[in-house]
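K.L.:
coords.tsv (TSV, C-alpha atoms) pasted underneath:
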chain	number	residue	atom	x	y	z
A	1203	MET	CA	-44.17	-23.30	14.99
A	1204	ASN	CA	-46.50	-24.99	12.53
A	1205	PRO	CA	-49.15	-22.67	11.05
A	1206	TYR	CA	-52.91	-23.10	11.29
A	1207	LEU	CA	-55.89	-23.44	9.01
A	1208	HIS	CA	-58.48	-20.89	10.12
A	1209	ALA	CA	-61.38	-21.02	7.69
A	1210	PHE	CA	-62.61	-22.11	4.29
A	1211	GLY	CA	-64.89	-20.58	1.68
A	1212	ALA	CA	-66.53	-21.74	-1.53
A	1213	TRP	CA	-68.63	-20.50	-4.37
A	1214	VAL	CA	-70.26	-22.23	-7.33
A	1215	PRO	CA	-72.18	-20.70	-10.24
A	1216	LYS	CA	-75.97	-20.78	-10.14
A	1217	ARG	CA	-76.53	-22.69	-13.36
A	1218	VAL	CA	-77.08	-26.40	-12.71
A	1219	VAL	CA	-76.21	-28.73	-15.59
A	1220	THR	CA	-77.90	-32.05	-14.95
A	1221	ASN	CA	-76.85	-35.41	-16.33
A	1222	SER	CA	-80.05	-35.42	-18.38
A	1223	GLU	CA	-79.13	-32.15	-20.08
A	1224	LEU	CA	-75.60	-33.28	-20.76
A	1225	ALA	CA	-76.50	-36.83	-21.79
A	1226	GLU	CA	-78.67	-35.48	-24.58
A	1227	ARG	CA	-75.70	-33.59	-26.02
A	1228	LEU	CA	-73.24	-36.43	-25.44
A	1229	GLY	CA	-75.35	-39.23	-26.86
A	1230	CYS	CA	-75.31	-41.27	-23.67
A	1231	THR	CA	-77.69	-41.83	-20.77
A	1232	PRO	CA	-77.81	-39.97	-17.43
A	1233	GLU	CA	-77.39	-43.32	-15.70
A	1234	TRP	CA	-74.17	-44.06	-17.57
A	1235	ILE	CA	-72.70	-40.77	-16.36
A	1236	GLU	CA	-73.68	-41.42	-12.76
A	1237	ASN	CA	-72.44	-45.01	-12.78
A	1238	ALA	CA	-69.10	-44.03	-14.30
A	1239	SER	CA	-68.45	-41.04	-12.05
A	1240	GLY	CA	-70.95	-40.65	-9.22
A	1241	ILE	CA	-71.88	-37.26	-10.69
A	1242	ARG	CA	-75.55	-36.24	-10.95
A	1243	GLU	CA	-75.11	-32.59	-11.77
A	1244	ARG	CA	-72.48	-29.88	-11.99
A	1245	ARG	CA	-72.43	-26.08	-12.11
A	1246	TRP	CA	-71.34	-24.16	-15.20
A	1247	ALA	CA	-70.57	-20.45	-15.16
A	1248	THR	CA	-71.86	-17.94	-17.69
A	1249	ALA	CA	-69.70	-17.12	-20.71
A	1250	THR	CA	-68.62	-13.81	-19.20
A	1251	THR	CA	-67.68	-15.16	-15.75
A	1252	SER	CA	-63.92	-15.11	-15.21
A	1253	ILE	CA	-61.51	-17.00	-12.97
A	1254	VAL	CA	-61.21	-13.79	-10.92
A	1255	ASP	CA	-65.02	-13.59	-10.55
A	1256	LEU	CA	-65.16	-17.15	-9.27
A	1257	GLY	CA	-62.14	-16.86	-7.01
A	1258	ALA	CA	-63.21	-13.55	-5.48
A	1259	GLU	CA	-66.54	-14.96	-4.29
A	1260	ALA	CA	-64.85	-17.90	-2.55
A	1261	ALA	CA	-62.13	-15.66	-1.12
A	1262	LEU	CA	-64.64	-13.21	0.34
A	1263	ALA	CA	-66.61	-16.07	1.91
A	1264	CYS	CA	-63.39	-17.41	3.45
A	1265	MET	CA	-62.30	-13.99	4.73
A	1266	ALA	CA	-65.73	-13.44	6.30
A	1267	ARG	CA	-65.56	-16.77	8.10
A	1268	ALA	CA	-62.04	-16.01	9.28
A	1269	GLY	CA	-63.15	-12.56	10.43
A	1270	LEU	CA	-60.43	-10.87	8.40
A	1271	SER	CA	-60.48	-7.67	6.37
A	1272	ALA	CA	-58.48	-7.14	3.19
A	1273	SER	CA	-55.81	-5.15	5.01
A	1274	GLU	CA	-55.00	-8.18	7.17
A	1275	ILE	CA	-54.13	-10.51	4.25
A	1276	GLY	CA	-50.37	-10.84	3.76
A	1277	LEU	CA	-50.22	-13.04	0.66
A	1278	VAL	CA	-52.56	-14.54	-1.93
A	1279	VAL	CA	-51.92	-17.85	-3.70
A	1280	LEU	CA	-54.25	-18.59	-6.63
A	1281	ALA	CA	-54.36	-22.05	-8.21
A	1282	SER	CA	-56.07	-22.51	-11.56
A	1283	GLY	CA	-55.54	-24.92	-14.40
A	1284	SER	CA	-58.29	-23.38	-16.52
A	1285	ALA	CA	-57.24	-19.72	-16.49
A	1286	PRO	CA	-56.85	-18.43	-20.05
A	1287	PRO	CA	-53.30	-18.75	-21.42
A	1288	GLY	CA	-50.93	-15.79	-21.58
A	1289	PHE	CA	-49.90	-13.24	-19.01
A	1290	PRO	CA	-50.53	-11.87	-16.54
A	1291	ALA	CA	-52.05	-14.89	-14.84
A	1292	PRO	CA	-55.02	-13.92	-12.66
A	1293	ALA	CA	-53.59	-13.79	-9.10
A	1294	ALA	CA	-52.77	-10.06	-9.20
A	1295	ALA	CA	-56.21	-9.20	-10.60
A	1296	LEU	CA	-57.81	-11.30	-7.87
A	1297	ALA	CA	-55.83	-9.45	-5.21
A	1298	ALA	CA	-56.91	-6.14	-6.74
A	1299	ARG	CA	-60.56	-7.26	-6.83
A	1300	LEU	CA	-60.31	-8.09	-3.12
A	1301	GLY	CA	-58.90	-4.65	-2.38
A	1302	LEU	CA	-55.53	-5.98	-1.25
A	1303	GLY	CA	-53.48	-3.05	-2.58
A	1304	THR	CA	-49.89	-4.13	-3.16
A	1305	THR	CA	-50.17	-7.40	-1.27
A	1306	PRO	CA	-48.15	-10.02	-3.18
A	1307	ALA	CA	-50.08	-12.61	-5.18
A	1308	ILE	CA	-48.71	-15.85	-6.59
A	1309	ASP	CA	-50.20	-17.90	-9.42
A	1310	LEU	CA	-50.07	-21.68	-9.42
A	1311	PRO	CA	-50.97	-22.76	-12.96
A	1312	MET	CA	-51.85	-26.23	-11.78
A	1313	ALA	CA	-55.02	-28.24	-12.25
A	1314	SER	CA	-56.41	-30.71	-9.72
A	1315	ALA	CA	-53.49	-30.73	-7.27
A	1316	GLY	CA	-53.19	-26.92	-7.28
A	1317	SER	CA	-55.03	-26.21	-4.04
A	1318	LEU	CA	-53.09	-28.92	-2.18
A	1319	PHE	CA	-49.81	-27.44	-3.39
A	1320	GLY	CA	-51.14	-24.00	-2.46
A	1321	LEU	CA	-51.89	-25.10	1.10
A	1322	ALA	CA	-48.44	-26.66	1.40
A	1323	LEU	CA	-46.74	-23.49	0.16
A	1324	ALA	CA	-48.88	-21.35	2.45
A	1325	SER	CA	-47.90	-23.49	5.42
A	1326	ARG	CA	-44.27	-22.54	4.80
A	1327	LEU	CA	-44.88	-18.90	3.83
A	1328	ALA	CA	-47.21	-18.00	6.72
A	1329	GLU	CA	-44.26	-17.39	9.01
A	1330	THR	CA	-43.17	-14.55	6.71
A	1331	TYR	CA	-46.49	-13.25	5.38
A	1332	GLY	CA	-48.88	-13.91	8.27
A	1333	ASN	CA	-52.35	-14.47	6.85
A	1334	VAL	CA	-52.07	-16.37	3.55
A	1335	LEU	CA	-55.22	-16.67	1.46
A	1336	VAL	CA	-55.17	-19.78	-0.73
A	1337	VAL	CA	-57.73	-19.68	-3.54
A	1338	ALA	CA	-58.47	-22.24	-6.25
A	1339	ALA	CA	-60.80	-21.24	-9.09
A	1340	GLU	CA	-61.73	-23.22	-12.17
A	1341	LYS	CA	-63.92	-22.62	-15.19
A	1342	MET	CA	-63.71	-26.08	-16.72
A	1343	SER	CA	-66.82	-25.44	-18.85
A	1344	ALA	CA	-64.75	-23.03	-20.95
A	1345	ILE	CA	-62.45	-25.93	-21.83
A	1346	ILE	CA	-65.32	-28.37	-22.40
A	1347	GLU	CA	-67.37	-26.02	-24.58
A	1348	ARG	CA	-64.42	-24.84	-26.68
A	1349	HIS	CA	-64.21	-28.10	-28.63
A	1350	PRO	CA	-66.55	-30.88	-29.80
A	1351	LEU	CA	-67.84	-32.61	-26.68
A	1352	ASP	CA	-66.07	-35.81	-25.63
A	1353	PRO	CA	-68.41	-37.91	-23.45
A	1354	ASN	CA	-65.51	-39.26	-21.39
A	1355	THR	CA	-64.39	-35.82	-20.23
A	1356	ALA	CA	-67.36	-33.47	-20.76
A	1357	MET	CA	-69.45	-35.37	-18.22
A	1358	LEU	CA	-66.86	-34.97	-15.48
A	1359	PHE	CA	-66.14	-31.31	-15.02
A	1360	GLY	CA	-67.80	-28.40	-13.31
A	1361	ASP	CA	-66.97	-24.81	-12.42
A	1362	GLY	CA	-66.39	-23.36	-8.97
A	1363	ALA	CA	-63.94	-21.93	-6.49
A	1364	GLY	CA	-62.70	-22.67	-3.01
A	1365	ALA	CA	-60.52	-20.82	-0.53
A	1366	ALA	CA	-58.64	-21.41	2.70
A	1367	LEU	CA	-56.98	-19.10	5.18
A	1368	VAL	CA	-53.60	-20.26	6.52
A	1369	SER	CA	-51.94	-18.22	9.24
A	1370	ASP	CA	-49.12	-18.26	11.73
A	1371	ARG	CA	-51.67	-17.20	14.35
A	1372	PRO	CA	-53.27	-20.01	16.41
A	1373	GLY	CA	-56.49	-21.25	14.80
A	1374	LYS	CA	-58.78	-24.25	14.41
A	1375	TRP	CA	-56.48	-26.81	12.82
A	1376	GLN	CA	-52.71	-26.85	13.16
A	1377	ILE	CA	-50.93	-28.11	10.06
A	1378	MET	CA	-48.78	-31.06	11.13
A	1379	GLY	CA	-47.05	-31.73	7.81
A	1380	HIS	CA	-47.37	-32.35	4.12
A	1381	VAL	CA	-45.85	-34.36	1.28
A	1382	LEU	CA	-45.73	-33.24	-2.34
A	1383	HIS	CA	-44.71	-35.22	-5.40
A	1384	SER	CA	-44.54	-34.64	-9.17
A	1385	ASP	CA	-43.72	-36.99	-12.05
A	1386	GLY	CA	-43.61	-35.58	-15.55
A	1387	GLN	CA	-43.27	-39.02	-17.09
A	1388	PHE	CA	-47.07	-39.18	-17.37
A	1389	SER	CA	-47.66	-35.53	-18.29
A	1390	THR	CA	-49.30	-36.33	-21.64
A	1391	ASP	CA	-51.89	-38.65	-20.08
A	1392	LEU	CA	-53.95	-35.70	-18.79
A	1393	ALA	CA	-53.32	-32.52	-20.72
A	1394	TYR	CA	-54.92	-29.47	-22.30
A	1395	ASP	CA	-53.39	-26.61	-24.32
A	1396	TRP	CA	-56.45	-24.63	-25.60
A	1397	ASN	CA	-55.76	-25.67	-29.20
A	1398	PHE	CA	-56.99	-29.25	-28.99
A	1399	PRO	CA	-59.64	-30.98	-26.85
A	1400	LEU	CA	-58.68	-32.04	-23.36
A	1401	HIS	CA	-56.85	-35.35	-23.56
A	1402	MET	CA	-57.31	-37.87	-20.79
A	1403	ASN	CA	-55.95	-41.41	-20.77
A	1404	GLY	CA	-58.49	-42.62	-18.25
A	1405	LEU	CA	-56.78	-45.96	-17.64
A	1406	SER	CA	-53.50	-44.28	-16.78
A	1407	VAL	CA	-55.01	-41.49	-14.68
A	1408	ILE	CA	-57.11	-43.87	-12.59
A	1409	LEU	CA	-54.21	-46.30	-12.17
A	1410	GLN	CA	-51.88	-43.50	-11.07
A	1411	ALA	CA	-54.38	-41.82	-8.78
A	1412	THR	CA	-55.57	-44.97	-7.03
A	1413	ARG	CA	-52.01	-45.85	-6.07
A	1414	LYS	CA	-50.42	-42.44	-5.51
A	1415	MET	CA	-53.09	-40.74	-3.39
A	1416	PRO	CA	-53.27	-43.44	-0.68
A	1417	ALA	CA	-49.48	-43.75	-0.73
A	1418	ALA	CA	-49.07	-40.00	-0.13
A	1419	ILE	CA	-51.64	-40.08	2.67
A	1420	LYS	CA	-49.86	-43.00	4.34
A	1421	GLU	CA	-46.55	-41.16	3.95
A	1422	VAL	CA	-47.76	-37.96	5.61
A	1423	LEU	CA	-49.55	-39.85	8.39
A	1424	GLU	CA	-46.48	-41.95	9.16
A	1425	ARG	CA	-44.41	-38.79	9.49
A	1426	ALA	CA	-47.02	-37.24	11.79
A	1427	GLU	CA	-47.37	-40.53	13.71
A	1428	ILE	CA	-51.15	-40.55	13.23
A	1429	SER	CA	-53.16	-43.63	12.21
A	1430	ALA	CA	-55.55	-43.38	9.24
A	1431	THR	CA	-58.32	-44.74	11.44
A	1432	ASP	CA	-57.89	-41.77	13.80
A	1433	ILE	CA	-58.60	-39.25	11.02
A	1434	SER	CA	-62.01	-37.61	11.39
A	1435	VAL	CA	-62.36	-36.72	7.72
A	1436	PHE	CA	-60.48	-37.10	4.46
A	1437	LEU	CA	-60.98	-34.03	2.27
A	1438	LEU	CA	-59.83	-35.23	-1.14
A	1439	HIS	CA	-59.84	-33.84	-4.65
A	1440	GLN	CA	-63.30	-34.77	-5.93
A	1441	ALA	CA	-62.23	-36.46	-9.16
A	1442	ASN	CA	-64.61	-39.40	-9.36
A	1443	GLN	CA	-66.78	-41.09	-6.71
A	1444	ASN	CA	-65.34	-44.49	-7.60
A	1445	LEU	CA	-61.86	-43.11	-6.91
A	1446	LEU	CA	-62.91	-41.69	-3.54
A	1447	VAL	CA	-64.30	-45.08	-2.54
A	1448	ARG	CA	-61.10	-46.81	-3.67
A	1449	VAL	CA	-58.88	-44.49	-1.66
A	1450	GLY	CA	-60.98	-45.06	1.47
A	1451	LYS	CA	-60.83	-48.84	1.02
A	1452	THR	CA	-57.06	-48.81	0.49
A	1453	LEU	CA	-56.62	-46.82	3.70
A	1454	GLY	CA	-59.00	-49.12	5.59
A	1455	VAL	CA	-61.26	-46.30	6.76
A	1456	ALA	CA	-65.04	-46.14	6.96
A	1457	PRO	CA	-66.62	-44.74	3.77
A	1458	GLU	CA	-68.33	-41.92	5.67
A	1459	ARG	CA	-64.90	-40.56	6.67
A	1460	VAL	CA	-64.19	-39.73	3.04
A	1461	PHE	CA	-66.11	-36.53	2.34
A	1462	SER	CA	-67.90	-36.45	-0.97
A	1463	ASN	CA	-69.92	-33.78	-2.77
A	1464	ILE	CA	-69.03	-34.81	-6.31
A	1465	SER	CA	-72.63	-35.82	-7.05
A	1466	ARG	CA	-73.62	-32.13	-6.94
A	1467	TYR	CA	-70.60	-30.33	-8.38
A	1468	GLY	CA	-68.72	-32.82	-10.55
A	1469	ASN	CA	-64.95	-32.52	-10.77
A	1470	THR	CA	-64.04	-28.85	-10.27
A	1471	SER	CA	-60.31	-29.59	-10.58
A	1472	SER	CA	-58.18	-27.59	-8.12
A	1473	ALA	CA	-61.25	-25.99	-6.54
A	1474	SER	CA	-62.87	-29.26	-5.52
A	1475	MET	CA	-60.79	-29.99	-2.41
A	1476	LEU	CA	-61.43	-26.56	-0.90
A	1477	ILE	CA	-65.12	-26.56	-1.85
A	1478	ALA	CA	-65.33	-29.89	-0.02
A	1479	ALA	CA	-63.50	-28.40	2.97
A	1480	ALA	CA	-65.84	-25.41	3.07
A	1481	GLU	CA	-68.95	-27.60	3.01
A	1482	TRP	CA	-67.54	-30.01	5.57
A	1483	SER	CA	-66.58	-27.18	7.94
A	1484	GLU	CA	-70.16	-25.86	7.86
A	1485	GLN	CA	-71.60	-29.20	8.94
A	1486	ALA	CA	-70.55	-29.21	12.62
A	1487	PRO	CA	-67.55	-31.41	11.85
A	1488	VAL	CA	-66.43	-34.24	14.08
A	1489	PRO	CA	-63.35	-33.10	16.05
A	1490	GLY	CA	-60.06	-34.78	15.23
A	1491	PRO	CA	-57.24	-34.75	12.71
A	1492	ILE	CA	-58.10	-34.02	9.08
A	1493	VAL	CA	-56.33	-35.02	5.90
A	1494	PHE	CA	-56.25	-33.27	2.53
A	1495	ALA	CA	-55.03	-35.08	-0.58
A	1496	ALA	CA	-55.07	-34.52	-4.31
A	1497	PHE	CA	-53.80	-35.92	-7.57
A	1498	GLY	CA	-53.85	-34.15	-10.90
A	1499	ALA	CA	-52.39	-33.33	-14.27
A	1500	GLY	CA	-48.64	-33.08	-14.33
A	1501	VAL	CA	-48.79	-35.49	-12.67
A	1502	HIS	CA	-48.70	-33.82	-9.27
A	1503	TRP	CA	-49.96	-35.33	-6.04
A	1504	GLY	CA	-49.60	-35.08	-2.29
A	1505	ALA	CA	-51.27	-34.94	1.09
A	1506	LEU	CA	-51.44	-32.67	4.12
A	1507	VAL	CA	-52.51	-33.43	7.68
A	1508	ALA	CA	-53.82	-30.99	10.31
A	1509	LYS	CA	-55.35	-31.35	13.75
B	643	MET	CA	-46.52	-75.23	-11.40
B	644	PRO	CA	-48.56	-73.38	-14.07
B	645	ASP	CA	-46.56	-71.23	-16.45
B	646	THR	CA	-46.59	-67.45	-16.28
B	647	ARG	CA	-49.37	-67.05	-18.85
B	648	GLU	CA	-51.67	-69.43	-17.01
B	649	ARG	CA	-50.95	-67.71	-13.71
B	650	LEU	CA	-51.74	-64.37	-15.34
B	651	ARG	CA	-54.93	-65.79	-16.81
B	652	ALA	CA	-56.02	-66.92	-13.36
B	653	VAL	CA	-55.22	-63.49	-11.92
B	654	VAL	CA	-57.23	-61.70	-14.60
B	655	GLU	CA	-60.18	-64.04	-14.23
B	656	LYS	CA	-60.19	-63.49	-10.47
B	657	VAL	CA	-60.22	-59.70	-10.92
B	658	ALA	CA	-62.74	-59.69	-13.78
B	659	GLU	CA	-64.87	-62.51	-12.39
B	660	LYS	CA	-65.21	-63.66	-16.00
B	661	ARG	CA	-63.48	-66.05	-18.36
B	662	VAL	CA	-60.54	-64.59	-20.27
B	663	PRO	CA	-60.53	-64.91	-24.10
B	664	GLN	CA	-58.14	-67.56	-25.45
B	665	ASP	CA	-56.25	-65.08	-27.67
B	666	PRO	CA	-53.38	-63.82	-25.50
B	667	ASP	CA	-53.03	-60.70	-27.67
B	668	GLU	CA	-56.63	-59.56	-27.26
B	669	SER	CA	-57.00	-56.30	-25.35
B	670	LEU	CA	-58.64	-57.00	-22.02
B	671	PHE	CA	-59.97	-53.44	-21.89
B	672	GLU	CA	-61.16	-52.98	-25.46
B	673	SER	CA	-62.93	-56.33	-25.21
B	674	GLY	CA	-64.81	-55.03	-22.17
B	675	LEU	CA	-63.49	-57.74	-19.85
B	676	LEU	CA	-61.86	-55.16	-17.58
B	677	ASP	CA	-62.79	-51.55	-16.92
B	678	SER	CA	-60.61	-48.67	-15.79
B	679	PHE	CA	-61.25	-49.20	-12.10
B	680	MET	CA	-60.28	-52.88	-12.37
B	681	LEU	CA	-56.79	-52.00	-13.64
B	682	PRO	CA	-55.48	-50.99	-10.18
B	683	ASP	CA	-56.87	-54.27	-8.81
B	684	LEU	CA	-55.16	-56.17	-11.61
B	685	VAL	CA	-51.79	-54.55	-10.93
B	686	SER	CA	-52.10	-55.27	-7.20
B	687	ALA	CA	-53.12	-58.87	-7.91
B	688	ILE	CA	-50.08	-59.37	-10.19
B	689	GLU	CA	-47.82	-57.99	-7.46
B	690	GLU	CA	-49.31	-60.44	-4.99
B	691	GLU	CA	-49.23	-63.46	-7.31
B	692	PHE	CA	-45.63	-62.93	-8.43
B	693	THR	CA	-44.37	-61.42	-5.14
B	694	ILE	CA	-43.08	-58.31	-6.86
B	695	LYS	CA	-43.44	-54.56	-6.42
B	696	ILE	CA	-44.31	-52.82	-9.68
B	697	PRO	CA	-42.64	-49.40	-9.57
B	698	ASP	CA	-44.55	-46.21	-10.35
B	699	SER	CA	-42.45	-45.74	-13.48
B	700	ASP	CA	-43.97	-48.93	-14.88
B	701	LEU	CA	-47.60	-47.94	-14.28
B	702	ASN	CA	-48.33	-47.71	-17.98
B	703	PRO	CA	-51.68	-49.30	-18.89
B	704	ARG	CA	-50.23	-50.64	-22.14
B	705	LYS	CA	-48.08	-53.04	-20.13
B	706	PHE	CA	-51.24	-54.65	-18.74
B	707	ASP	CA	-53.44	-54.51	-21.82
B	708	SER	CA	-53.29	-58.22	-22.73
B	709	LEU	CA	-51.97	-61.51	-21.39
B	710	SER	CA	-49.06	-61.40	-23.82
B	711	ARG	CA	-48.09	-57.85	-22.83
B	712	MET	CA	-48.19	-58.72	-19.14
B	713	GLU	CA	-46.13	-61.83	-19.83
B	714	ALA	CA	-43.56	-59.74	-21.73
B	715	TYR	CA	-43.41	-57.23	-18.89
B	716	LEU	CA	-42.78	-59.92	-16.28
B	717	ALA	CA	-40.11	-61.55	-18.48
B	718	ARG	CA	-37.98	-58.40	-18.63
Hey, can you dump this file as structure tokens for me?
P.N.:
Amino acid sequence: MNPYLHAFGAWVPKRVVTNSELAERLGCTPEWIENASGIRERRWATATTSIVDLGAEAALACMARAGLSASEIGLVVLASGSAPPGFPAPAAALAARLGLGTTPAIDLPMASAGSLFGLALASRLAETYGNVLVVAAEKMSAIIERHPLDPNTAMLFGDGAGAALVSDRPGKWQIMGHVLHSDGQFSTDLAYDWNFPLHMNGLSVILQATRKMPAAIKEVLERAEISATDISVFLLHQANQNLLVRVGKTLGVAPERVFSNISRYGNTSSASMLIAAAEWSEQAPVPGPIVFAAFGAGVHWGALVAK
Amino acid sequence: MPDTRERLRAVVEKVAEKRVPQDPDESLFESGLLDSFMLPDLVSAIEEEFTIKIPDSDLNPRKFDSLSRMEAYLAR
């Protein structure tokens, strides 16, 4: 039996970094940032806030909405592309912070597509582990502030965390299928190693994303025998407003079906898709099938459909 | 029938809604004629004009940077 999505949770830091504040440091205008990305502001965490701090807040919000206590979680999957390098990666510490005892915790050291891959893995592991908590937490400001600011990347990113509860128990949305893809041929076009500033070949990333995300969505919908026009909402990685619009146009769906909150949070990498899901689920969502999709560094991309 | 370069020029001008510089080696992006979100449109328009499917492995922006580079790519 296919597993179910039960609830979502999200958390963003309190500090709002407006385009005006950033533009002054970047030597550009607030309007240029908004026109290029659709972003008006983003949240940046304090210097002492960790990936575990961010992820725990979103996880607790998700568990509360799902009505679950720590003892009922069977597995944690934590995606983060901005966790500090070295080991251990933060999943075990997150599980400990949540009071999960010896519950297994898996790290996905993936950036923007991490939460999508986490949901896909959870959909297969729920049969064994029951309630699987998928968390994505990113502190992109740590990457941005570590090096001289590059206007083309510094304007994009924000901090935050999202979470989802996947379970073999019946719930709100049954997962109907997913597709995942990776292609290392373009791995250097979007990369960061903590020693040098984040490198992004914008032309390549946009070209790849605008073709691969709609293709993955079409692929998963064909398998599930669902038309794109029947989807109530597309919950996509919030990379750039112009990209969200492009994906909607390629799929031939009304713009309002493509959920967007990038104007307020910027690109929070792997967290963005689940933050979007958490906000959407709080807004009395229109019933019907939902689609998740993401594209990110690697490159990794894919889509998942539930109804 | 126009040659490949002229067909490419027409494709670029349709996507950019501007005249393309005469120099076939001039970067269409560095010159500001095209921006990053026009590149996917350009690739799709080339596929349509030349009735081809450009594989994912060829989605390298350098191949579409100038008229001469696009011409070389199509001549492979």
K.L.:
Residues of chain B no more than 12 Å from chain A, counting only C-alpha atoms: send them over as a PyMOL selection string.
P.N.:
chain B and resi 671-672+676-686+696-707
K.L.:
Please write as a PyMOL selection string the list of polymer residues whose atoms come within 8 Å of (-58.3, -18.3, 0.3), counting all atoms listed in the file and keeping to the coordinates of the file.
P.N.:
chain A and resi 1210-1211+1260-1261+1264-1265+1278-1279+1334-1338+1364-1367
K.L.:
With distances taken over all atoms listed in the file, which of B:Ala687, B:Ile694, B:Leu675, B:Ala652 is nearest to B:Leu716?
P.N.:
B:Ile694
K.L.:
Find the residues around A:Ser1343 up to 7 Å (only C-alpha atoms counted), leave out those fewer than 3 positions away in its own chain, and share them as a ChimeraX atom specification.
P.N.:
/A:1246,1346-1347,1360-1361
K.L.:
Got a sec: who's within 8 Å of stretch 1313-1324 of chain A, counting all atoms listed in the file, leaving out chain neighbours fewer than 2 positions off, as a CSV table (one decimal) with C-alpha atoms, in the coordinates of the input?
P.N.:
chain,number,residue,atom,x,y,z
A,1279,VAL,CA,-51.9,-17.8,-3.7
A,1280,LEU,CA,-54.2,-18.6,-6.6
A,1281,ALA,CA,-54.4,-22.0,-8.2
A,1282,SER,CA,-56.1,-22.5,-11.6
A,1283,GLY,CA,-55.5,-24.9,-14.4
A,1284,SER,CA,-58.3,-23.4,-16.5
A,1310,LEU,CA,-50.1,-21.7,-9.4
A,1311,PRO,CA,-51.0,-22.8,-13.0
A,1326,ARG,CA,-44.3,-22.5,4.8
A,1327,LEU,CA,-44.9,-18.9,3.8
A,1328,ALA,CA,-47.2,-18.0,6.7
A,1334,VAL,CA,-52.1,-16.4,3.6
A,1335,LEU,CA,-55.2,-16.7,1.5
A,1336,VAL,CA,-55.2,-19.8,-0.7
A,1337,VAL,CA,-57.7,-19.7,-3.5
A,1338,ALA,CA,-58.5,-22.2,-6.2
A,1366,ALA,CA,-58.6,-21.4,2.7
A,1368,VAL,CA,-53.6,-20.3,6.5
A,1380,HIS,CA,-47.4,-32.4,4.1
A,1382,LEU,CA,-45.7,-33.2,-2.3
A,1439,HIS,CA,-59.8,-33.8,-4.6
A,1470,THR,CA,-64.0,-28.8,-10.3
A,1471,SER,CA,-60.3,-29.6,-10.6
A,1472,SER,CA,-58.2,-27.6,-8.1
A,1473,ALA,CA,-61.2,-26.0,-6.5
A,1474,SER,CA,-62.9,-29.3,-5.5
A,1475,MET,CA,-60.8,-30.0,-2.4
A,1476,LEU,CA,-61.4,-26.6,-0.9
A,1494,PHE,CA,-56.2,-33.3,2.5
A,1495,ALA,CA,-55.0,-35.1,-0.6
A,1496,ALA,CA,-55.1,-34.5,-4.3
A,1497,PHE,CA,-53.8,-35.9,-7.6
A,1498,GLY,CA,-53.8,-34.2,-10.9
A,1499,ALA,CA,-52.4,-33.3,-14.3
A,1502,HIS,CA,-48.7,-33.8,-9.3
A,1503,TRP,CA,-50.0,-35.3,-6.0
A,1504,GLY,CA,-49.6,-35.1,-2.3
A,1505,ALA,CA,-51.3,-34.9,1.1
A,1506,LEU,CA,-51.4,-32.7,4.1
